$ cat entry_8.txt   # compact mmCIF, C-alpha atoms and all ligand atoms
# COMPACT_ATOMS: atom_id res chain seq x y z
CA MET A 23 -102.25 -227.58 -72.66
CA THR A 24 -103.69 -225.55 -69.76
CA PRO A 25 -101.18 -223.17 -68.02
CA PRO A 26 -100.40 -223.81 -64.34
CA PRO A 27 -102.85 -221.87 -62.06
CA ASP A 28 -100.12 -219.54 -60.66
CA SER A 29 -99.09 -218.01 -63.96
CA ALA A 30 -102.75 -217.60 -64.97
CA ALA A 31 -103.45 -215.61 -61.74
CA ALA A 32 -100.36 -213.36 -61.89
CA PRO A 33 -101.38 -210.14 -63.68
CA GLY A 34 -99.00 -208.54 -66.15
CA PRO A 35 -97.68 -205.04 -65.35
CA GLU A 36 -100.47 -203.35 -67.36
CA ASN A 37 -103.17 -205.36 -65.61
CA LEU A 38 -101.64 -204.64 -62.22
CA LEU A 39 -101.56 -200.90 -62.95
CA ALA A 40 -105.21 -200.95 -64.04
CA GLU A 41 -106.21 -202.96 -60.97
CA LEU A 42 -104.44 -200.63 -58.52
CA ARG A 43 -105.86 -197.56 -60.25
CA ALA A 44 -109.35 -199.02 -60.05
CA GLU A 45 -108.80 -199.50 -56.30
CA ILE A 46 -107.60 -195.88 -56.00
CA ASP A 47 -110.66 -194.66 -57.96
CA ALA A 48 -113.00 -196.55 -55.62
CA LEU A 49 -111.24 -195.09 -52.57
CA ASP A 50 -111.35 -191.57 -54.07
CA SER A 51 -115.12 -191.94 -54.51
CA ALA A 52 -115.51 -193.12 -50.91
CA LEU A 53 -113.35 -190.24 -49.63
CA HIS A 54 -115.24 -187.74 -51.78
CA ASP A 55 -118.59 -189.02 -50.45
CA LEU A 56 -117.33 -188.48 -46.88
CA VAL A 57 -115.95 -185.01 -47.65
CA MET A 58 -119.33 -184.04 -49.13
CA ARG A 59 -121.14 -185.45 -46.10
CA ARG A 60 -118.82 -183.49 -43.79
CA ALA A 61 -119.63 -180.29 -45.71
CA GLU A 62 -123.36 -180.98 -45.27
CA VAL A 63 -122.87 -181.17 -41.49
CA VAL A 64 -120.93 -177.88 -41.55
CA ALA A 65 -123.78 -176.36 -43.61
CA ARG A 66 -126.26 -177.51 -40.91
CA LEU A 67 -124.01 -175.96 -38.24
CA ALA A 68 -123.89 -172.68 -40.22
CA ALA A 69 -127.66 -172.66 -40.87
CA SER A 70 -128.40 -173.22 -37.17
CA GLY A 71 -127.05 -169.71 -36.47
CA ILE A 72 -125.50 -171.09 -33.28
CA LYS A 73 -122.19 -169.24 -33.88
CA ALA A 74 -123.73 -165.98 -35.15
CA GLY A 75 -122.32 -162.77 -33.71
CA ARG A 76 -119.82 -164.46 -31.41
CA GLN A 77 -116.67 -163.50 -33.35
CA ALA A 78 -115.64 -161.40 -36.36
CA SER A 79 -115.06 -164.55 -38.41
CA PRO A 80 -116.23 -168.19 -38.53
CA LEU A 81 -112.67 -169.28 -37.66
CA ARG A 82 -112.30 -171.36 -34.48
CA PRO A 83 -108.55 -172.00 -34.28
CA GLY A 84 -108.79 -174.00 -31.05
CA ARG A 85 -111.34 -176.40 -32.48
CA GLU A 86 -109.23 -176.76 -35.64
CA ALA A 87 -106.16 -177.59 -33.54
CA MET A 88 -108.15 -180.26 -31.67
CA ILE A 89 -109.27 -181.82 -34.95
CA LEU A 90 -105.71 -181.89 -36.32
CA ARG A 91 -104.15 -183.21 -33.10
CA ARG A 92 -106.68 -186.05 -32.95
CA LEU A 93 -105.95 -187.03 -36.56
CA LEU A 94 -102.16 -186.75 -36.12
CA ALA A 95 -102.39 -189.02 -33.07
CA ARG A 96 -104.23 -191.78 -34.98
CA HIS A 97 -102.20 -191.38 -38.19
CA HIS A 98 -100.10 -194.30 -39.39
CA GLY A 99 -98.88 -195.66 -42.68
CA PRO A 100 -96.80 -194.14 -45.47
CA LEU A 101 -98.71 -190.86 -46.07
CA PRO A 102 -96.51 -188.02 -44.66
CA ARG A 103 -98.08 -186.27 -41.67
CA LEU A 104 -97.58 -182.94 -43.46
CA ALA A 105 -99.76 -184.18 -46.33
CA LEU A 106 -102.48 -185.19 -43.85
CA VAL A 107 -102.38 -181.74 -42.21
CA ARG A 108 -102.46 -179.94 -45.59
CA LEU A 109 -105.48 -181.99 -46.67
CA TRP A 110 -107.39 -181.06 -43.56
CA ARG A 111 -106.30 -177.44 -43.68
CA GLU A 112 -107.94 -177.20 -47.11
CA ILE A 113 -111.09 -178.94 -45.82
CA LEU A 114 -111.25 -176.52 -42.87
CA ALA A 115 -110.67 -173.57 -45.23
CA GLY A 116 -113.56 -174.80 -47.35
CA SER A 117 -115.76 -175.04 -44.23
CA SER A 118 -114.89 -171.47 -43.26
CA ALA A 119 -115.58 -170.24 -46.78
CA MET A 120 -119.03 -171.90 -46.58
CA GLN A 121 -119.67 -169.84 -43.44
CA GLY A 122 -118.82 -166.51 -45.06
CA GLY A 123 -115.05 -166.85 -44.89
CA PHE A 124 -112.62 -164.11 -43.94
CA THR A 125 -110.14 -161.78 -45.59
CA ILE A 126 -106.55 -161.86 -44.36
CA ALA A 127 -104.28 -158.80 -44.35
CA VAL A 128 -100.60 -159.65 -44.78
CA PRO A 129 -97.79 -157.07 -44.66
CA ALA A 130 -95.58 -157.09 -47.74
CA THR A 131 -92.52 -156.78 -45.45
CA GLY A 132 -92.18 -160.47 -44.59
CA GLY A 133 -91.46 -162.77 -47.54
CA GLU A 134 -92.69 -165.97 -45.88
CA LEU A 135 -95.91 -164.48 -44.49
CA LEU A 136 -97.97 -164.89 -47.65
CA ARG A 137 -96.92 -168.52 -47.97
CA LEU A 138 -97.63 -169.23 -44.27
CA ALA A 139 -101.05 -167.56 -44.54
CA ARG A 140 -101.92 -169.46 -47.73
CA GLU A 141 -100.80 -172.82 -46.35
CA HIS A 142 -102.59 -172.39 -43.04
CA PHE A 143 -105.81 -170.72 -44.12
CA GLY A 144 -106.07 -172.55 -47.46
CA SER A 145 -106.83 -171.59 -51.02
CA PRO A 146 -110.31 -170.03 -50.61
CA ALA A 147 -109.17 -167.33 -48.13
CA PRO A 148 -108.71 -163.96 -49.86
CA LEU A 149 -105.28 -162.52 -48.99
CA ARG A 150 -104.76 -158.77 -49.06
CA SER A 151 -101.19 -157.55 -49.22
CA VAL A 152 -100.71 -154.31 -47.26
CA GLU A 153 -97.59 -152.19 -46.70
CA THR A 154 -96.88 -152.73 -43.02
CA ALA A 155 -97.93 -154.70 -39.94
CA THR A 156 -99.53 -151.51 -38.56
CA ARG A 157 -101.64 -151.24 -41.71
CA ALA A 158 -102.61 -154.92 -41.43
CA LEU A 159 -103.79 -154.33 -37.86
CA SER A 160 -105.81 -151.24 -38.80
CA ALA A 161 -107.43 -153.27 -41.62
CA VAL A 162 -108.64 -155.72 -38.93
CA THR A 163 -109.78 -152.93 -36.59
CA GLU A 164 -111.71 -151.27 -39.41
CA GLY A 165 -113.27 -154.54 -40.59
CA GLU A 166 -111.59 -154.46 -44.03
CA ALA A 167 -109.98 -157.76 -43.07
CA GLN A 168 -110.94 -160.23 -40.35
CA LEU A 169 -107.43 -161.50 -39.72
CA ALA A 170 -103.85 -160.20 -39.92
CA VAL A 171 -100.91 -162.59 -40.35
CA LEU A 172 -97.83 -160.95 -38.84
CA PRO A 173 -94.21 -161.94 -38.30
CA LEU A 174 -93.33 -163.77 -35.09
CA PRO A 175 -91.61 -161.05 -33.01
CA GLU A 176 -87.83 -161.21 -32.74
CA GLU A 177 -85.31 -159.91 -30.22
CA GLY A 178 -83.75 -156.64 -31.35
CA GLU A 179 -86.26 -155.87 -34.10
CA ALA A 180 -86.66 -152.20 -35.11
CA PRO A 181 -89.40 -150.34 -33.19
CA ASP A 182 -91.57 -149.90 -36.30
CA LEU A 183 -91.53 -153.69 -36.86
CA ALA A 184 -92.41 -154.46 -33.22
CA TRP A 185 -96.18 -154.52 -33.87
CA TRP A 186 -96.86 -156.33 -30.59
CA THR A 187 -95.78 -153.24 -28.62
CA ARG A 188 -98.77 -151.36 -30.14
CA LEU A 189 -101.37 -154.16 -30.29
CA GLU A 190 -104.70 -152.71 -29.12
CA VAL A 191 -105.82 -155.37 -26.67
CA PRO A 192 -108.35 -156.67 -25.72
CA ARG A 193 -110.09 -155.56 -28.92
CA LEU A 194 -107.47 -157.24 -31.10
CA GLN A 195 -105.85 -160.48 -29.97
CA VAL A 196 -103.38 -163.05 -31.19
CA VAL A 197 -105.31 -166.27 -31.87
CA ALA A 198 -102.96 -168.58 -33.79
CA ARG A 199 -99.29 -169.39 -34.20
CA LEU A 200 -98.43 -170.65 -37.70
CA PRO A 201 -97.66 -173.18 -38.94
CA PHE A 202 -99.70 -175.38 -36.62
CA TYR A 203 -97.70 -178.41 -37.74
CA ALA A 204 -94.14 -178.67 -39.07
CA PRO A 205 -92.16 -181.90 -39.51
CA LYS A 206 -89.01 -180.33 -38.04
CA ALA A 207 -88.64 -178.36 -34.84
CA GLU A 208 -85.82 -175.96 -35.80
CA GLY A 209 -85.56 -173.26 -38.44
CA VAL A 210 -89.29 -173.15 -39.22
CA PRO A 211 -90.46 -169.69 -40.39
CA GLU A 212 -93.37 -168.72 -38.15
CA ALA A 213 -96.11 -166.11 -37.91
CA LEU A 214 -98.90 -165.02 -35.58
CA ALA A 215 -102.52 -164.40 -36.56
CA VAL A 216 -104.48 -161.52 -35.00
CA THR A 217 -108.24 -161.00 -35.05
CA GLN A 218 -111.00 -159.15 -33.20
CA GLY A 219 -111.95 -161.36 -30.29
CA ARG A 220 -110.19 -164.20 -28.59
CA ALA A 221 -109.23 -167.76 -29.44
CA ASP A 222 -111.26 -170.75 -28.32
CA PRO A 223 -109.30 -173.20 -26.13
CA SER A 224 -107.74 -176.27 -27.77
CA GLY A 225 -106.77 -178.15 -24.61
CA ALA A 226 -103.03 -177.41 -25.02
CA ASP A 227 -102.58 -173.68 -25.38
CA ARG A 228 -100.10 -170.90 -24.78
CA THR A 229 -100.66 -167.28 -23.79
CA LEU A 230 -98.72 -164.25 -24.98
CA LEU A 231 -98.06 -161.58 -22.36
CA ARG A 232 -96.91 -157.99 -22.78
CA LEU A 233 -95.12 -156.80 -19.67
CA GLU A 234 -94.23 -153.21 -18.82
CA ILE A 235 -91.05 -153.32 -16.81
CA ALA A 236 -90.46 -150.52 -14.29
CA ASP A 237 -87.28 -151.94 -12.83
CA ASP A 238 -85.19 -153.39 -15.67
CA ARG A 239 -82.81 -156.01 -14.28
CA GLY A 240 -82.35 -157.84 -17.54
CA ARG A 241 -83.72 -160.90 -19.19
CA ALA A 242 -82.41 -163.55 -16.77
CA ALA A 243 -83.99 -161.76 -13.78
CA LEU A 244 -87.30 -161.35 -15.60
CA SER A 245 -87.28 -164.98 -16.66
CA ALA A 246 -86.65 -166.02 -13.04
CA ALA A 247 -89.46 -163.75 -11.80
CA LEU A 248 -91.88 -165.28 -14.30
CA ALA A 249 -90.83 -168.78 -13.25
CA ALA A 250 -91.20 -167.87 -9.57
CA ALA A 251 -94.77 -166.71 -10.26
CA GLY A 252 -95.53 -170.08 -11.90
CA LEU A 253 -95.21 -168.78 -15.46
CA PRO A 254 -91.85 -170.03 -16.82
CA PRO A 255 -91.54 -168.40 -20.26
CA ARG A 256 -91.09 -170.52 -23.39
CA LEU A 257 -90.12 -167.35 -25.25
CA LEU A 258 -89.01 -164.03 -23.80
CA LEU A 259 -88.12 -160.88 -25.75
CA LEU A 260 -87.07 -157.55 -24.33
CA HIS A 261 -87.77 -154.34 -26.18
CA ARG A 262 -86.13 -151.15 -24.89
CA VAL A 263 -87.17 -147.91 -26.60
CA GLY A 264 -86.87 -144.36 -25.23
CA GLY A 265 -86.64 -145.43 -21.61
CA VAL A 266 -89.66 -147.73 -21.85
CA VAL A 267 -88.97 -151.42 -21.37
CA LEU A 268 -91.50 -153.90 -22.69
CA ALA A 269 -91.23 -157.66 -22.65
CA LEU A 270 -93.07 -160.27 -24.66
CA ALA A 271 -93.44 -163.63 -22.95
CA GLU A 272 -95.04 -166.82 -24.17
CA VAL A 273 -96.26 -168.99 -21.29
CA GLU A 274 -98.10 -172.31 -20.99
CA GLY A 275 -101.88 -172.44 -20.74
CA MET A 276 -104.77 -170.15 -21.61
CA LEU A 277 -104.65 -167.47 -18.93
CA ALA A 278 -107.59 -165.31 -17.81
CA GLU A 279 -107.12 -161.60 -17.06
CA ASP A 280 -107.67 -162.25 -13.35
CA ASP A 281 -105.13 -165.10 -13.12
CA PRO A 282 -103.41 -164.58 -9.72
CA ARG A 283 -100.04 -165.44 -11.27
CA LEU A 284 -100.23 -162.23 -13.33
CA ALA A 285 -100.90 -160.15 -10.24
CA ALA A 286 -97.86 -161.75 -8.56
CA LEU A 287 -95.44 -160.53 -11.26
CA PRO A 288 -93.02 -157.74 -10.26
CA VAL A 289 -93.95 -155.59 -13.30
CA ALA A 290 -95.72 -152.26 -13.77
CA ARG A 291 -98.35 -153.87 -15.98
CA ALA A 292 -99.10 -157.30 -17.42
CA GLN A 293 -101.45 -157.58 -20.39
CA ILE A 294 -102.66 -160.63 -22.29
CA LEU A 295 -102.01 -160.22 -26.02
CA GLY A 296 -103.81 -163.43 -26.88
CA ALA A 297 -103.55 -167.19 -26.75
CA TYR A 298 -103.28 -170.02 -29.23
CA ALA A 299 -102.96 -173.75 -29.66
CA ALA A 300 -99.45 -175.01 -28.94
CA PRO A 301 -98.00 -175.84 -32.35
CA GLU A 302 -97.09 -179.45 -33.18
CA ARG A 303 -93.49 -180.05 -34.23
CA GLY A 304 -91.64 -183.14 -35.40
CA GLU A 305 -92.44 -186.28 -37.40
O1 LIG A 401 -116.78 -176.23 -35.39
C1 LIG A 401 -117.04 -175.17 -35.97
O2 LIG A 401 -117.26 -174.11 -35.36
C2 LIG A 401 -117.05 -175.12 -37.43
O3 LIG A 401 -117.35 -174.09 -38.03
C3 LIG A 401 -116.62 -176.32 -38.23
C4 LIG A 401 -115.15 -176.26 -38.60
C5 LIG A 401 -114.87 -177.63 -39.31
O4 LIG A 401 -114.94 -177.69 -40.53
O5 LIG A 401 -114.64 -178.61 -38.58
C6 LIG A 401 -114.91 -175.13 -39.56
C7 LIG A 401 -114.27 -173.97 -39.20
C8 LIG A 401 -113.83 -173.69 -37.85
O6 LIG A 401 -112.66 -172.95 -37.81
C9 LIG A 401 -113.72 -174.93 -37.03
C10 LIG A 401 -114.31 -176.11 -37.41

$ encode --input "entry_8.txt" --output "structure tokens" --more "lines below"
Ligand SMILES: O=C(O)C(=O)C[C@]1(C(=O)O)C=C[C@@H](O)C=C1
Amino acid sequence: MTPPPDSAAAPGPENLLAELRAEIDALDSALHDLVMRRAEVVARLAASGIKAGRQASPLRPGREAMILRRLLARHHGPLPRLALVRLWREILAGSSAMQGGFTIAVPATGGELLRLAREHFGSPAPLRSVETATRALSAVTEGEAQLAVLPLPEEGEAPDLAWWTRLEVPRLQVVARLPFYAPKAEGVPEALAVTQGRADPSGADRTLLRLEIADDRGRAALSAALAAAGLPPRLLLLHRVGGVVLALAEVEGMLAEDDPRLAALPVARAQILGAYAAPERGE
């Protein structure tokens, strides 16, 4: 007696597993082909010499942010967005390594910094652990490292930890805020990356300003003055040491040195410490 067509078509659990795995294998091959093709295009870009001599490293954080934002915007389905970002971070790290790569100096003082650097810049990037943030910055100045990953400044930090107060701009500049993507908005450990040269624009950027305050009227007054000049701060830290008052402000956009809003600020001096792609937060 011939079985009914339905039961003949229904695969047993073993068959189903084999079938799904065969489908996964075929997709892995297709993905791998595309990843290899992508690397060939990056190799052509590198061989063209078009980027030579423009920056200390092949890293273009603004371009990377644009790539990730575009993919996050079209992403759907069950794969977590974090997994998508991690995949591409490794691809981008591989592309940078193909172009000579870069060494990253990370101070041993911040426990999360090594992890943040590894997750953002991927497995191929050599990480060099150094004693302090100051040492990490001098490693970049002296060309021993092309990038320093440093703690995001905090209100009330000790003067020796406040590396941003001593950052030698415009030679060194902040070019990235890590992590670029995090599924939650609150309680995410963060870091800043510093290099020689400036970041390329990503289309949605923020600028870090160091302000020397001659007339210290407190944080609320400074925040209001920034807002009145058209630069409402997203982050504002005050650092008072030995009669000198410095402020660190993060504002929207990628500002140029001659931005008239900087000249309008009631401060003794306003300096750009760098700019970076606005990080993406939330599922
Ligand atoms: O667009 C570039 O400049 C590249 O080098 C390519 C690429 C990429 O793989 O897409 C690699 C590294 C850069 O940080 C940005 C992008």

$ residues_around --input "entry_8.txt" --residues "stretch 272-289 of chain A" --least-positions-apart "3" --cutoff "12 Å" --atoms "only C-alpha atoms" --output "ChimeraX atom specification"
/A:84,174-175,191-192,196-197,199,220-239,243-259,267-269,292-301

$ atom_distance --input "entry_8.txt" --atom1 "atom CA of A:Lys73" --atom2 "atom CA of A:Leu169"
17.7 Å

$ closest_residue --input "entry_8.txt" --among "A:Arg241, A:Arg188, A:Pro80, A:Ala158" --to "A:Leu67" --atoms "all atoms listed in the file"
A:Pro80

$ closest_residue --input "entry_8.txt" --among "A:Gly304, A:Gly240, A:Gly99, A:Pro173" --to "A:Leu214" --atoms "only C-alpha atoms"
A:Pro173

$ residues_near_ligand --input "entry_8.txt" --ligand "ligand LIG 401 (chain A)" --cutoff "10 Å" --atoms "all atoms listed in the file" --output "ChimeraX atom specification"
/A:60-61,63-68,72-73,79-90,110-121,123,143,222

$ closest_residue --input "entry_8.txt" --among "A:Val57, A:Ala161, A:Leu101, A:Val171" --to "A:Ala130" --atoms "only C-alpha atoms"
A:Val171

$ atom_distance --input "entry_8.txt" --atom1 "atom CA of A:Leu200" --atom2 "atom CA of A:Glu134"
11.0 Å

$ atom_distance --input "entry_8.txt" --atom1 "atom CA of A:Ala32" --atom2 "atom CA of A:Ser51"
27.0 Å

$ residues_around --input "entry_8.txt" --residues "A:Pro205" --least-positions-apart "6" --cutoff "8 Å" --atoms "only C-alpha atoms" --output "NGL selection string"
:A and (103-104 or 303-305)

$ residues_around --input "entry_8.txt" --residues "A:Glu166" --least-positions-apart "4" --cutoff "9 Å" --atoms "all atoms listed in the file" --output "PyMOL selection string"
chain A and resi 125-127+160-162

$ residues_around --input "entry_8.txt" --residues "A:Val128" --least-positions-apart "3" --cutoff "8 Å" --atoms "all atoms listed in the file" --output "PyMOL selection string"
chain A and resi 135-136+139+149-152+155+158+170-172

$ closest_residue --input "entry_8.txt" --among "A:Ala167, A:Ala184, A:Leu94, A:Ala147" --to "A:Phe202" --atoms "all atoms listed in the file"
A:Leu94

$ build_atoms --input "entry_8.txt" --residues "stretch 135-156 of chain A" --atoms "N, CA and C atoms" --output "PDB file, keeping the file's coordinate frame"
ATOM      1  N   LEU A 135     -94.580-164.629 -45.103  1.00  0.00           N
ATOM      2  CA  LEU A 135     -95.910-164.480 -44.490  1.00  0.00           C
ATOM      3  C   LEU A 135     -97.038-164.908 -45.418  1.00  0.00           C
ATOM      4  N   LEU A 136     -96.907-164.532 -46.698  1.00  0.00           N
ATOM      5  CA  LEU A 136     -97.970-164.890 -47.650  1.00  0.00           C
ATOM      6  C   LEU A 136     -98.077-166.403 -47.759  1.00  0.00           C
ATOM      7  N   ARG A 137     -96.914-167.059 -47.852  1.00  0.00           N
ATOM      8  CA  ARG A 137     -96.920-168.520 -47.970  1.00  0.00           C
ATOM      9  C   ARG A 137     -97.527-169.154 -46.710  1.00  0.00           C
ATOM     10  N   LEU A 138     -97.109-168.665 -45.528  1.00  0.00           N
ATOM     11  CA  LEU A 138     -97.630-169.230 -44.270  1.00  0.00           C
ATOM     12  C   LEU A 138     -99.146-169.039 -44.187  1.00  0.00           C
ATOM     13  N   ALA A 139     -99.612-167.844 -44.588  1.00  0.00           N
ATOM     14  CA  ALA A 139    -101.050-167.560 -44.540  1.00  0.00           C
ATOM     15  C   ALA A 139    -101.789-168.482 -45.501  1.00  0.00           C
ATOM     16  N   ARG A 140    -101.262-168.620 -46.712  1.00  0.00           N
ATOM     17  CA  ARG A 140    -101.920-169.460 -47.730  1.00  0.00           C
ATOM     18  C   ARG A 140    -101.962-170.919 -47.269  1.00  0.00           C
ATOM     19  N   GLU A 141    -100.834-171.410 -46.749  1.00  0.00           N
ATOM     20  CA  GLU A 141    -100.800-172.820 -46.350  1.00  0.00           C
ATOM     21  C   GLU A 141    -101.704-173.091 -45.156  1.00  0.00           C
ATOM     22  N   HIS A 142    -101.780-172.139 -44.228  1.00  0.00           N
ATOM     23  CA  HIS A 142    -102.590-172.390 -43.040  1.00  0.00           C
ATOM     24  C   HIS A 142    -104.071-172.172 -43.310  1.00  0.00           C
ATOM     25  N   PHE A 143    -104.395-171.062 -43.972  1.00  0.00           N
ATOM     26  CA  PHE A 143    -105.810-170.720 -44.120  1.00  0.00           C
ATOM     27  C   PHE A 143    -106.401-171.216 -45.432  1.00  0.00           C
ATOM     28  N   GLY A 144    -105.559-171.857 -46.280  1.00  0.00           N
ATOM     29  CA  GLY A 144    -106.070-172.550 -47.460  1.00  0.00           C
ATOM     30  C   GLY A 144    -106.366-171.654 -48.631  1.00  0.00           C
ATOM     31  N   SER A 145    -106.671-172.304 -49.758  1.00  0.00           N
ATOM     32  CA  SER A 145    -106.830-171.590 -51.020  1.00  0.00           C
ATOM     33  C   SER A 145    -108.016-170.636 -51.064  1.00  0.00           C
ATOM     34  N   PRO A 146    -109.169-170.948 -50.425  1.00  0.00           N
ATOM     35  CA  PRO A 146    -110.310-170.030 -50.610  1.00  0.00           C
ATOM     36  C   PRO A 146    -110.145-168.686 -49.904  1.00  0.00           C
ATOM     37  N   ALA A 147    -109.246-168.573 -48.926  1.00  0.00           N
ATOM     38  CA  ALA A 147    -109.170-167.330 -48.130  1.00  0.00           C
ATOM     39  C   ALA A 147    -108.561-166.199 -48.948  1.00  0.00           C
ATOM     40  N   PRO A 148    -109.301-165.082 -49.130  1.00  0.00           N
ATOM     41  CA  PRO A 148    -108.710-163.960 -49.860  1.00  0.00           C
ATOM     42  C   PRO A 148    -107.596-163.310 -49.044  1.00  0.00           C
ATOM     43  N   LEU A 149    -106.418-163.161 -49.658  1.00  0.00           N
ATOM     44  CA  LEU A 149    -105.280-162.520 -48.990  1.00  0.00           C
ATOM     45  C   LEU A 149    -105.147-161.109 -49.529  1.00  0.00           C
ATOM     46  N   ARG A 150    -104.966-160.142 -48.620  1.00  0.00           N
ATOM     47  CA  ARG A 150    -104.760-158.770 -49.060  1.00  0.00           C
ATOM     48  C   ARG A 150    -103.384-158.321 -48.604  1.00  0.00           C
ATOM     49  N   SER A 151    -102.533-157.991 -49.577  1.00  0.00           N
ATOM     50  CA  SER A 151    -101.190-157.550 -49.220  1.00  0.00           C
ATOM     51  C   SER A 151    -101.235-156.057 -48.873  1.00  0.00           C
ATOM     52  N   VAL A 152    -100.728-155.713 -47.691  1.00  0.00           N
ATOM     53  CA  VAL A 152    -100.710-154.310 -47.260  1.00  0.00           C
ATOM     54  C   VAL A 152     -99.254-153.932 -46.965  1.00  0.00           C
ATOM     55  N   GLU A 153     -98.993-152.621 -46.795  1.00  0.00           N
ATOM     56  CA  GLU A 153     -97.590-152.190 -46.700  1.00  0.00           C
ATOM     57  C   GLU A 153     -96.899-152.669 -45.431  1.00  0.00           C
ATOM     58  N   THR A 154     -97.557-152.488 -44.296  1.00  0.00           N
ATOM     59  CA  THR A 154     -96.880-152.730 -43.020  1.00  0.00           C
ATOM     60  C   THR A 154     -97.774-153.529 -42.074  1.00  0.00           C
ATOM     61  N   ALA A 155     -97.158-153.991 -40.976  1.00  0.00           N
ATOM     62  CA  ALA A 155     -97.930-154.700 -39.940  1.00  0.00           C
ATOM     63  C   ALA A 155     -98.967-153.760 -39.324  1.00  0.00           C
ATOM     64  N   THR A 156     -98.589-152.491 -39.140  1.00  0.00           N
ATOM     65  CA  THR A 156     -99.530-151.510 -38.560  1.00  0.00           C
ATOM     66  C   THR A 156    -100.755-151.380 -39.451  1.00  0.00           C
TER      67      THR A 156
END
